[in-house]
>>> print(open('structure29.pdb').read())   # PDB, C-alpha atoms, pLDDT in the B column
ATOM      1  CA  MET A   5     141.191  85.158  77.659  1.00 52.00           C
ATOM      2  CA  THR A   6     137.741  84.598  79.160  1.00 58.00           C
ATOM      3  CA  PRO A   7     137.732  84.837  83.000  1.00 63.00           C
ATOM      4  CA  SER A   8     137.056  81.543  84.728  1.00 62.00           C
ATOM      5  CA  LEU A   9     134.085  80.719  86.930  1.00 68.00           C
ATOM      6  CA  THR A  10     134.424  79.325  90.443  1.00 62.00           C
ATOM      7  CA  THR A  11     132.029  76.901  92.126  1.00 53.00           C
ATOM      8  CA  ASN A  12     131.773  78.749  95.438  1.00 57.00           C
ATOM      9  CA  ALA A  13     128.316  80.261  95.718  1.00 55.00           C
ATOM     10  CA  PRO A  14     128.246  82.905  98.479  1.00 48.00           C
ATOM     11  CA  ASN A  15     126.027  82.514 101.565  1.00 49.00           C
ATOM     12  CA  ASP A  16     124.481  79.231 100.453  1.00 53.00           C
ATOM     13  CA  PRO A  17     125.901  76.214 102.352  1.00 44.00           C
ATOM     14  CA  SER A  18     123.032  73.948 101.317  1.00 47.00           C
ATOM     15  CA  ALA A  19     123.800  73.808  97.580  1.00 48.00           C
ATOM     16  CA  PRO A  20     124.562  70.264  96.301  1.00 43.00           C
ATOM     17  CA  ALA A  21     127.887  69.129  94.865  1.00 38.00           C
ATOM     18  CA  PRO A  22     129.078  70.904  91.685  1.00 41.00           C
ATOM     19  CA  THR A  23     128.372  69.496  88.241  1.00 40.00           C
ATOM     20  CA  PRO A  24     130.853  69.745  85.344  1.00 39.00           C
ATOM     21  CA  THR A  25     130.386  72.928  83.350  1.00 42.00           C
ATOM     22  CA  ALA A  26     132.507  73.856  80.378  1.00 45.00           C
ATOM     23  CA  ALA A  27     132.283  74.118  76.616  1.00 45.00           C
ATOM     24  CA  HIS A  28     129.866  72.794  73.987  1.00 47.00           C
ATOM     25  CA  GLY A  29     127.495  70.007  74.964  1.00 54.00           C
ATOM     26  CA  TRP A  30     128.059  70.281  78.716  1.00 63.00           C
ATOM     27  CA  LYS A  31     125.525  71.250  81.345  1.00 82.00           C
ATOM     28  CA  GLU A  32     124.478  74.849  81.698  1.00 90.00           C
ATOM     29  CA  ILE A  33     126.256  77.213  84.069  1.00 95.00           C
ATOM     30  CA  VAL A  34     124.038  78.642  86.817  1.00 96.00           C
ATOM     31  CA  ILE A  35     125.426  81.938  88.148  1.00 97.00           C
ATOM     32  CA  ASP A  36     124.291  83.551  91.387  1.00 96.00           C
ATOM     33  CA  GLY A  37     124.110  87.222  90.436  1.00 95.00           C
ATOM     34  CA  LYS A  38     124.183  88.591  93.990  1.00 96.00           C
ATOM     35  CA  GLY A  39     127.084  90.968  94.627  1.00 96.00           C
ATOM     36  CA  HIS A  40     128.335  91.104  91.020  1.00 97.00           C
ATOM     37  CA  LEU A  41     128.951  94.302  89.103  1.00 97.00           C
ATOM     38  CA  ILE A  42     126.494  94.246  86.235  1.00 97.00           C
ATOM     39  CA  GLY A  43     128.851  95.488  83.514  1.00 95.00           C
ATOM     40  CA  ARG A  44     131.694  93.099  84.324  1.00 96.00           C
ATOM     41  CA  LEU A  45     129.363  90.130  84.655  1.00 97.00           C
ATOM     42  CA  THR A  46     127.567  90.841  81.369  1.00 97.00           C
ATOM     43  CA  SER A  47     130.820  91.014  79.410  1.00 96.00           C
ATOM     44  CA  ILE A  48     131.904  87.608  80.733  1.00 96.00           C
ATOM     45  CA  VAL A  49     128.484  86.015  80.229  1.00 96.00           C
ATOM     46  CA  ALA A  50     128.244  87.409  76.678  1.00 96.00           C
ATOM     47  CA  LYS A  51     131.580  85.798  75.782  1.00 96.00           C
ATOM     48  CA  HIS A  52     130.487  82.411  77.155  1.00 96.00           C
ATOM     49  CA  LEU A  53     127.192  82.623  75.238  1.00 96.00           C
ATOM     50  CA  LEU A  54     128.981  83.356  71.956  1.00 96.00           C
ATOM     51  CA  ASN A  55     131.276  80.388  72.614  1.00 94.00           C
ATOM     52  CA  GLY A  56     128.263  78.059  72.779  1.00 94.00           C
ATOM     53  CA  GLN A  57     127.758  77.746  76.541  1.00 95.00           C
ATOM     54  CA  LYS A  58     124.290  77.805  78.106  1.00 96.00           C
ATOM     55  CA  VAL A  59     124.164  80.288  80.993  1.00 97.00           C
ATOM     56  CA  THR A  60     121.459  80.910  83.600  1.00 97.00           C
ATOM     57  CA  VAL A  61     121.703  83.901  85.954  1.00 97.00           C
ATOM     58  CA  VAL A  62     119.566  83.953  89.109  1.00 97.00           C
ATOM     59  CA  ARG A  63     119.012  86.708  91.718  1.00 96.00           C
ATOM     60  CA  CYS A  64     119.384  89.450  89.106  1.00 96.00           C
ATOM     61  CA  GLU A  65     117.738  91.899  91.500  1.00 96.00           C
ATOM     62  CA  ASP A  66     120.856  91.804  93.722  1.00 96.00           C
ATOM     63  CA  LEU A  67     123.287  92.797  90.973  1.00 97.00           C
ATOM     64  CA  ASN A  68     125.323  95.897  91.809  1.00 97.00           C
ATOM     65  CA  VAL A  69     125.951  99.042  89.782  1.00 97.00           C
ATOM     66  CA  SER A  70     128.966 101.224  90.569  1.00 97.00           C
ATOM     67  CA  GLY A  71     128.172 104.834  91.383  1.00 96.00           C
ATOM     68  CA  SER A  72     125.625 106.362  93.730  1.00 97.00           C
ATOM     69  CA  PHE A  73     121.935 105.570  93.441  1.00 97.00           C
ATOM     70  CA  TYR A  74     121.088 109.180  92.554  1.00 97.00           C
ATOM     71  CA  ARG A  75     123.580 109.185  89.667  1.00 96.00           C
ATOM     72  CA  ASN A  76     122.290 105.890  88.281  1.00 96.00           C
ATOM     73  CA  LYS A  77     118.695 107.023  88.648  1.00 96.00           C
ATOM     74  CA  LEU A  78     119.444 110.105  86.522  1.00 97.00           C
ATOM     75  CA  LYS A  79     121.057 107.860  83.899  1.00 95.00           C
ATOM     76  CA  TYR A  80     117.989 105.643  83.752  1.00 95.00           C
ATOM     77  CA  LEU A  81     115.636 108.622  83.531  1.00 95.00           C
ATOM     78  CA  ALA A  82     117.686 109.902  80.591  1.00 96.00           C
ATOM     79  CA  TYR A  83     117.383 106.440  79.023  1.00 94.00           C
ATOM     80  CA  LEU A  84     113.583 106.543  79.457  1.00 94.00           C
ATOM     81  CA  ARG A  85     113.429 109.738  77.411  1.00 94.00           C
ATOM     82  CA  LYS A  86     114.914 108.009  74.373  1.00 94.00           C
ATOM     83  CA  ARG A  87     111.897 107.060  72.249  1.00 94.00           C
ATOM     84  CA  CYS A  88     110.364 107.335  68.804  1.00 94.00           C
ATOM     85  CA  ILE A  89     108.682 110.751  68.621  1.00 93.00           C
ATOM     86  CA  ILE A  90     106.206 109.745  65.888  1.00 94.00           C
ATOM     87  CA  ASN A  91     105.027 106.543  67.591  1.00 94.00           C
ATOM     88  CA  PRO A  92     106.626 105.522  70.921  1.00 92.00           C
ATOM     89  CA  ALA A  93     105.059 102.046  70.569  1.00 93.00           C
ATOM     90  CA  ARG A  94     107.709 101.318  67.916  1.00 93.00           C
ATOM     91  CA  GLY A  95     110.422 101.381  70.558  1.00 88.00           C
ATOM     92  CA  PRO A  96     112.913 101.436  72.058  1.00 92.00           C
ATOM     93  CA  PHE A  97     111.299  99.470  74.875  1.00 94.00           C
ATOM     94  CA  HIS A  98     112.436 100.311  78.392  1.00 94.00           C
ATOM     95  CA  PHE A  99     112.431  97.295  80.689  1.00 94.00           C
ATOM     96  CA  ARG A 100     111.895  97.806  84.413  1.00 95.00           C
ATOM     97  CA  ALA A 101     112.430  94.288  85.788  1.00 96.00           C
ATOM     98  CA  PRO A 102     116.027  93.597  86.959  1.00 96.00           C
ATOM     99  CA  SER A 103     116.288  90.417  84.890  1.00 96.00           C
ATOM    100  CA  ARG A 104     115.221  92.262  81.734  1.00 96.00           C
ATOM    101  CA  ILE A 105     117.654  95.119  82.442  1.00 96.00           C
ATOM    102  CA  PHE A 106     120.422  92.515  82.709  1.00 97.00           C
ATOM    103  CA  TYR A 107     119.193  90.829  79.513  1.00 97.00           C
ATOM    104  CA  ARG A 108     119.185  94.149  77.664  1.00 96.00           C
ATOM    105  CA  THR A 109     122.747  94.876  78.824  1.00 96.00           C
ATOM    106  CA  ILE A 110     123.943  91.508  77.501  1.00 97.00           C
ATOM    107  CA  ARG A 111     122.085  92.050  74.230  1.00 96.00           C
ATOM    108  CA  GLY A 112     124.116  95.210  73.730  1.00 96.00           C
ATOM    109  CA  MET A 113     127.328  93.162  73.882  1.00 96.00           C
ATOM    110  CA  ILE A 114     126.180  90.571  71.335  1.00 96.00           C
ATOM    111  CA  PRO A 115     125.551  90.962  67.579  1.00 97.00           C
ATOM    112  CA  HIS A 116     121.909  90.033  68.206  1.00 96.00           C
ATOM    113  CA  LYS A 117     120.739  90.840  64.660  1.00 96.00           C
ATOM    114  CA  THR A 118     122.870  88.052  63.192  1.00 97.00           C
ATOM    115  CA  ALA A 119     122.063  84.348  63.343  1.00 97.00           C
ATOM    116  CA  ARG A 120     125.055  83.731  65.619  1.00 96.00           C
ATOM    117  CA  GLY A 121     124.003  86.451  68.049  1.00 96.00           C
ATOM    118  CA  ALA A 122     120.358  85.354  68.090  1.00 97.00           C
ATOM    119  CA  ALA A 123     121.453  81.773  68.830  1.00 96.00           C
ATOM    120  CA  ALA A 124     123.674  83.054  71.659  1.00 96.00           C
ATOM    121  CA  LEU A 125     120.766  84.915  73.289  1.00 96.00           C
ATOM    122  CA  GLU A 126     118.668  81.735  73.091  1.00 96.00           C
ATOM    123  CA  ARG A 127     121.204  80.112  75.441  1.00 96.00           C
ATOM    124  CA  LEU A 128     120.626  82.739  78.133  1.00 97.00           C
ATOM    125  CA  LYS A 129     118.096  82.544  80.974  1.00 97.00           C
ATOM    126  CA  VAL A 130     117.645  85.275  83.595  1.00 97.00           C
ATOM    127  CA  PHE A 131     115.509  85.285  86.752  1.00 97.00           C
ATOM    128  CA  GLU A 132     114.672  87.347  89.802  1.00 96.00           C
ATOM    129  CA  GLY A 133     115.161  85.239  92.903  1.00 95.00           C
ATOM    130  CA  ILE A 134     115.950  81.544  92.542  1.00 95.00           C
ATOM    131  CA  PRO A 135     112.997  79.663  90.991  1.00 95.00           C
ATOM    132  CA  THR A 136     112.244  75.998  91.611  1.00 89.00           C
ATOM    133  CA  PRO A 137     114.537  74.138  89.188  1.00 89.00           C
ATOM    134  CA  TYR A 138     117.615  76.111  90.238  1.00 94.00           C
ATOM    135  CA  ASP A 139     117.256  76.140  94.033  1.00 92.00           C
ATOM    136  CA  LYS A 140     118.650  72.583  94.097  1.00 91.00           C
ATOM    137  CA  VAL A 141     121.453  73.191  91.587  1.00 92.00           C
ATOM    138  CA  LYS A 142     125.022  74.210  92.394  1.00 93.00           C
ATOM    139  CA  ARG A 143     125.407  77.923  91.699  1.00 95.00           C
ATOM    140  CA  VAL A 144     128.699  79.599  90.851  1.00 96.00           C
ATOM    141  CA  VAL A 145     130.153  83.093  91.139  1.00 96.00           C
ATOM    142  CA  VAL A 146     132.529  84.995  88.849  1.00 96.00           C
ATOM    143  CA  PRO A 147     135.490  86.385  90.839  1.00 96.00           C
ATOM    144  CA  ALA A 148     136.409  88.795  88.024  1.00 96.00           C
ATOM    145  CA  ALA A 149     133.008  90.491  88.429  1.00 96.00           C
ATOM    146  CA  LEU A 150     132.483  90.453  92.212  1.00 97.00           C
ATOM    147  CA  ARG A 151     132.070  93.926  93.669  1.00 96.00           C
ATOM    148  CA  VAL A 152     134.083  93.129  96.816  1.00 96.00           C
ATOM    149  CA  LEU A 153     137.056  92.175  94.628  1.00 96.00           C
ATOM    150  CA  ARG A 154     136.779  94.697  91.801  1.00 96.00           C
ATOM    151  CA  LEU A 155     135.396  97.905  93.313  1.00 95.00           C
ATOM    152  CA  LYS A 156     137.655 100.025  95.510  1.00 95.00           C
ATOM    153  CA  PRO A 157     136.518 100.034  99.168  1.00 95.00           C
ATOM    154  CA  GLY A 158     134.580 103.168 100.019  1.00 95.00           C
ATOM    155  CA  ARG A 159     133.252 103.702  96.501  1.00 96.00           C
ATOM    156  CA  LYS A 160     129.523 104.201  96.160  1.00 97.00           C
ATOM    157  CA  TYR A 161     127.300 101.587  94.549  1.00 97.00           C
ATOM    158  CA  CYS A 162     123.628 100.616  94.381  1.00 97.00           C
ATOM    159  CA  THR A 163     121.526  97.556  93.575  1.00 96.00           C
ATOM    160  CA  VAL A 164     119.512  97.002  90.426  1.00 96.00           C
ATOM    161  CA  LYS A 165     116.367  96.219  92.444  1.00 96.00           C
ATOM    162  CA  ARG A 166     116.329  99.698  93.945  1.00 96.00           C
ATOM    163  CA  ILE A 167     116.604 101.337  90.527  1.00 96.00           C
ATOM    164  CA  SER A 168     113.911  99.013  89.149  1.00 96.00           C
ATOM    165  CA  SER A 169     111.454  99.652  91.985  1.00 95.00           C
ATOM    166  CA  GLU A 170     111.922 103.416  91.638  1.00 94.00           C
ATOM    167  CA  MET A 171     111.275 103.155  87.898  1.00 94.00           C
ATOM    168  CA  GLY A 172     108.063 101.127  88.170  1.00 93.00           C
ATOM    169  CA  TRP A 173     108.943  97.477  88.946  1.00 95.00           C
ATOM    170  CA  LYS A 174     106.154  96.248  91.257  1.00 95.00           C
ATOM    171  CA  TYR A 175     107.380  92.845  92.395  1.00 95.00           C
ATOM    172  CA  GLN A 176     110.240  93.569  94.776  1.00 94.00           C
ATOM    173  CA  GLY A 177     108.130  92.608  97.814  1.00 95.00           C
ATOM    174  CA  VAL A 178     106.917  89.406  96.160  1.00 96.00           C
ATOM    175  CA  VAL A 179     110.459  88.315  95.273  1.00 95.00           C
ATOM    176  CA  GLU A 180     111.710  89.090  98.786  1.00 95.00           C
ATOM    177  CA  ARG A 181     108.935  86.998 100.380  1.00 95.00           C
ATOM    178  CA  LEU A 182     109.644  84.063  98.086  1.00 95.00           C
ATOM    179  CA  GLU A 183     113.368  84.333  98.825  1.00 95.00           C
ATOM    180  CA  GLU A 184     112.703  84.232 102.577  1.00 95.00           C
ATOM    181  CA  LYS A 185     110.682  81.023 102.143  1.00 95.00           C
ATOM    182  CA  ARG A 186     113.414  79.488  99.979  1.00 94.00           C
ATOM    183  CA  LYS A 187     116.157  80.354 102.476  1.00 94.00           C
ATOM    184  CA  ALA A 188     114.154  78.879 105.383  1.00 95.00           C
ATOM    185  CA  LYS A 189     113.608  75.669 103.440  1.00 94.00           C
ATOM    186  CA  SER A 190     117.270  75.589 102.422  1.00 92.00           C
ATOM    187  CA  GLN A 191     118.391  76.000 106.041  1.00 94.00           C
ATOM    188  CA  VAL A 192     116.296  73.003 107.138  1.00 95.00           C
ATOM    189  CA  TYR A 193     117.870  70.904 104.374  1.00 93.00           C
ATOM    190  CA  TYR A 194     121.354  72.027 105.395  1.00 93.00           C
ATOM    191  CA  GLN A 195     120.859  71.184 109.085  1.00 95.00           C
ATOM    192  CA  ARG A 196     119.545  67.732 108.162  1.00 95.00           C
ATOM    193  CA  LYS A 197     122.500  67.207 105.833  1.00 94.00           C
ATOM    194  CA  LYS A 198     124.958  68.186 108.601  1.00 95.00           C
ATOM    195  CA  ALA A 199     123.336  65.744 111.024  1.00 95.00           C
ATOM    196  CA  LEU A 200     123.513  62.888 108.500  1.00 96.00           C
ATOM    197  CA  ASN A 201     127.169  63.650 107.727  1.00 95.00           C
ATOM    198  CA  LYS A 202     127.964  63.580 111.450  1.00 94.00           C
ATOM    199  CA  LEU A 203     126.283  60.185 111.853  1.00 95.00           C
ATOM    200  CA  ARG A 204     128.139  58.860 108.805  1.00 93.00           C
ATOM    201  CA  ALA A 205     131.476  60.021 110.214  1.00 93.00           C
ATOM    202  CA  GLN A 206     130.715  58.379 113.574  1.00 92.00           C
ATOM    203  CA  ALA A 207     129.753  55.116 111.872  1.00 92.00           C
ATOM    204  CA  THR A 208     132.945  55.175 109.786  1.00 89.00           C
ATOM    205  CA  THR A 209     135.092  55.682 112.897  1.00 89.00           C
ATOM    206  CA  LYS A 210     133.246  52.932 114.760  1.00 89.00           C
ATOM    207  CA  VAL A 211     133.883  50.225 112.149  1.00 89.00           C
ATOM    208  CA  ALA A 212     137.315  51.459 111.028  1.00 86.00           C
ATOM    209  CA  LYS A 213     139.208  48.606 112.765  1.00 86.00           C
ATOM    210  CA  GLU A 214     136.832  45.935 111.477  1.00 87.00           C
ATOM    211  CA  VAL A 215     137.038  46.983 107.826  1.00 87.00           C
ATOM    212  CA  LYS A 216     140.760  47.797 107.812  1.00 87.00           C
ATOM    213  CA  PRO A 217     141.847  44.337 106.491  1.00 88.00           C
ATOM    214  CA  VAL A 218     139.173  44.493 103.777  1.00 89.00           C
ATOM    215  CA  ASN A 219     140.286  47.973 102.736  1.00 86.00           C
ATOM    216  CA  GLU A 220     143.926  46.856 102.551  1.00 87.00           C
ATOM    217  CA  LYS A 221     142.973  43.970 100.268  1.00 87.00           C
ATOM    218  CA  LEU A 222     140.919  46.274  98.067  1.00 89.00           C
ATOM    219  CA  ALA A 223     143.783  48.758  97.934  1.00 89.00           C
ATOM    220  CA  ALA A 224     146.089  46.004  96.697  1.00 88.00           C
ATOM    221  CA  PHE A 225     143.734  45.511  93.725  1.00 88.00           C
ATOM    222  CA  GLY A 226     143.604  49.232  93.031  1.00 85.00           C
ATOM    223  CA  PHE A 227     140.246  50.065  94.621  1.00 79.00           C
TER     224      PHE A 227
END
>>> encode(input="structure29.pdb", output="C-alpha cells")
Amino acid sequence: MTPSLTTNAPNDPSAPAPTPTAAHGWKEIVIDGKGHLIGRLTSIVAKHLLNGQKVTVVRCEDLNVSGSFYRNKLKYLAYLRKRCIINPARGPFHFRAPSRIFYRTIRGMIPHKTARGAAALERLKVFEGIPTPYDKVKRVVVPAALRVLRLKPGRKYCTVKRISSEMGWKYQGVVERLEEKRKAKSQVYYQRKKALNKLRAQATTKVAKEVKPVNEKLAAFGF
C-alpha cells in the first residue's frame, strides 16, 4: 500500500488552501522536501509516478540523509570514481546539484529504459528552493518519510546541500539568499491575511443578530 500524503507543510503558515490531489487527471502534488529522508521519500514518489500522478518536489537541498556527513561524503567520493576508463565522457554522469541527486535516486527506482518508466519520469519536477509558480501553491509533506518520525532520536544525519557543496555545487549561497527573500515576502502576506481574517470575524460578530432570521430561513431551504 502506498503511504498517504498529508497537506500540512512545515513552517509555512502563509500557504493557501489545499487543492485536491489524487490519481489520474488530478492536479499535481507539490511536496516540500525539507526534513525528509531521501531514500524513503524517493520510494514513495517513484510509486506515485508509476501510478500516473504528477509530482513536484521543492527544497531538495534540505533533504536529509541518515548517517554522519563524513560517512556519506566517503560514499559519494566512491561513487565519483565509477566511470568509463576508455572515455569518461560516455558516463556515468555524476550530478552535484541536490535536485539532480534526488532525480537520479528516483530514476534508480523506476524502469526508466521502458516506455512506462520514461513516461513516469516525465511527470517528475525537482527544484532547489521554491521557485515562483510553487511559492503560492499548497505544499504537502509525507509523514512516512519525515526524519523526525522515522529516524531514531540521537542518530546522525546530514543534509544533501552540504554533500553537494563539498562535491562542487556552487549555488548554495544563491539559493539561500533567494529563500530569505521568499520567506520575508511570505511573512508579509501572512500578516496581512491574519489582519483581514480578524476584521472578517469582527464584522461577522457585529451583524450576527441582524442576519440571524435570514440565516434561519436559508437553513430551512437547505442552504
>>> atom_distance(input="structure29.pdb", atom1="atom CA of Ala148 of chain A", atom2="atom CA of Pro135 of chain A")
25.3 Å
>>> residues_near_point(input="structure29.pdb", point="(121.0, 90.9, 77.8)", cutoff="10 Å", atoms="all atoms listed in the file", output="short mmCIF file (atom, residue, chain, number, x, y, z; two decimals) with C-alpha atoms, keeping the file's coordinate frame")
data_model
loop_
_atom_site.label_atom_id
_atom_site.label_comp_id
_atom_site.auth_asym_id
_atom_site.auth_seq_id
_atom_site.Cartn_x
_atom_site.Cartn_y
_atom_site.Cartn_z
CA THR A 46 127.57 90.84 81.37
CA SER A 47 130.82 91.01 79.41
CA VAL A 49 128.48 86.02 80.23
CA ALA A 50 128.24 87.41 76.68
CA SER A 103 116.29 90.42 84.89
CA ARG A 104 115.22 92.26 81.73
CA ILE A 105 117.65 95.12 82.44
CA PHE A 106 120.42 92.52 82.71
CA TYR A 107 119.19 90.83 79.51
CA ARG A 108 119.18 94.15 77.66
CA THR A 109 122.75 94.88 78.82
CA ILE A 110 123.94 91.51 77.50
CA ARG A 111 122.08 92.05 74.23
CA GLY A 112 124.12 95.21 73.73
CA MET A 113 127.33 93.16 73.88
CA ILE A 114 126.18 90.57 71.33
CA HIS A 116 121.91 90.03 68.21
CA LEU A 125 120.77 84.92 73.29
CA LEU A 128 120.63 82.74 78.13
CA LYS A 129 118.10 82.54 80.97
CA VAL A 130 117.64 85.28 83.60
#
>>> residues_around(input="structure29.pdb", residues="segment 174-184 of chain A", least_positions_apart="6", cutoff="10 Å", atoms="only C-alpha atoms", output="list in words")
Arg63, Glu65, Arg100, Ala101, Pro102, Glu132, Gly133, Ile134, Pro135, Lys165, Arg166, Ser168 and Ser190 of chain A
>>> resolve_selection(input="structure29.pdb", expression="the PyMOL selection byres ((chain A and resi 66) around 7)", output="ChimeraX atom specification")
/A:37-39,63-65,67-68,163-165
>>> resolve_selection(input="structure29.pdb", expression="the PyMOL selection byres ((chain A and resi 83) around 12)", output="MDAnalysis selection string")
chainID A and resid 76:82 84:87 96:100 105 171
>>> write_last_selection(input="structure29.pdb", atoms="C-alpha atoms", output="compact mmCIF listing (two decimals), in the coordinates of the input")
# COMPACT_ATOMS: atom_id res chain seq x y z
CA ASN A 76 122.29 105.89 88.28
CA LYS A 77 118.70 107.02 88.65
CA LEU A 78 119.44 110.10 86.52
CA LYS A 79 121.06 107.86 83.90
CA TYR A 80 117.99 105.64 83.75
CA LEU A 81 115.64 108.62 83.53
CA ALA A 82 117.69 109.90 80.59
CA LEU A 84 113.58 106.54 79.46
CA ARG A 85 113.43 109.74 77.41
CA LYS A 86 114.91 108.01 74.37
CA ARG A 87 111.90 107.06 72.25
CA PRO A 96 112.91 101.44 72.06
CA PHE A 97 111.30 99.47 74.88
CA HIS A 98 112.44 100.31 78.39
CA PHE A 99 112.43 97.30 80.69
CA ARG A 100 111.90 97.81 84.41
CA ILE A 105 117.65 95.12 82.44
CA MET A 171 111.28 103.16 87.90
>>> atom_distance(input="structure29.pdb", atom1="atom CA of Val146 of chain A", atom2="atom CA of Lys51 of chain A")
13.1 Å
>>> atom_distance(input="structure29.pdb", atom1="atom CA of Ala123 of chain A", atom2="atom CA of His52 of chain A")
12.3 Å
>>> residues_around(input="structure29.pdb", residues="Ile35 of chain A", least_positions_apart="5", cutoff="9 Å", atoms="all atoms listed in the file", output="PyMOL selection string")
chain A and resi 9+13+59-63+142-146
>>> closest_residue(input="structure29.pdb", among="A:Ala199, A:Leu222, A:Leu53, A:Leu45", to="Glu32 of chain A", atoms="all atoms listed in the file")
A:Leu53
>>> axis_aligned_box(input="structure29.pdb", around="segment 86-95 of chain A", padding_each_side="6 Å", output="AutoDock Vina command-line options")
--center_x 110.0 --center_y 106.0 --center_z 70.1 --size_x 21.9 --size_y 21.4 --size_z 20.5
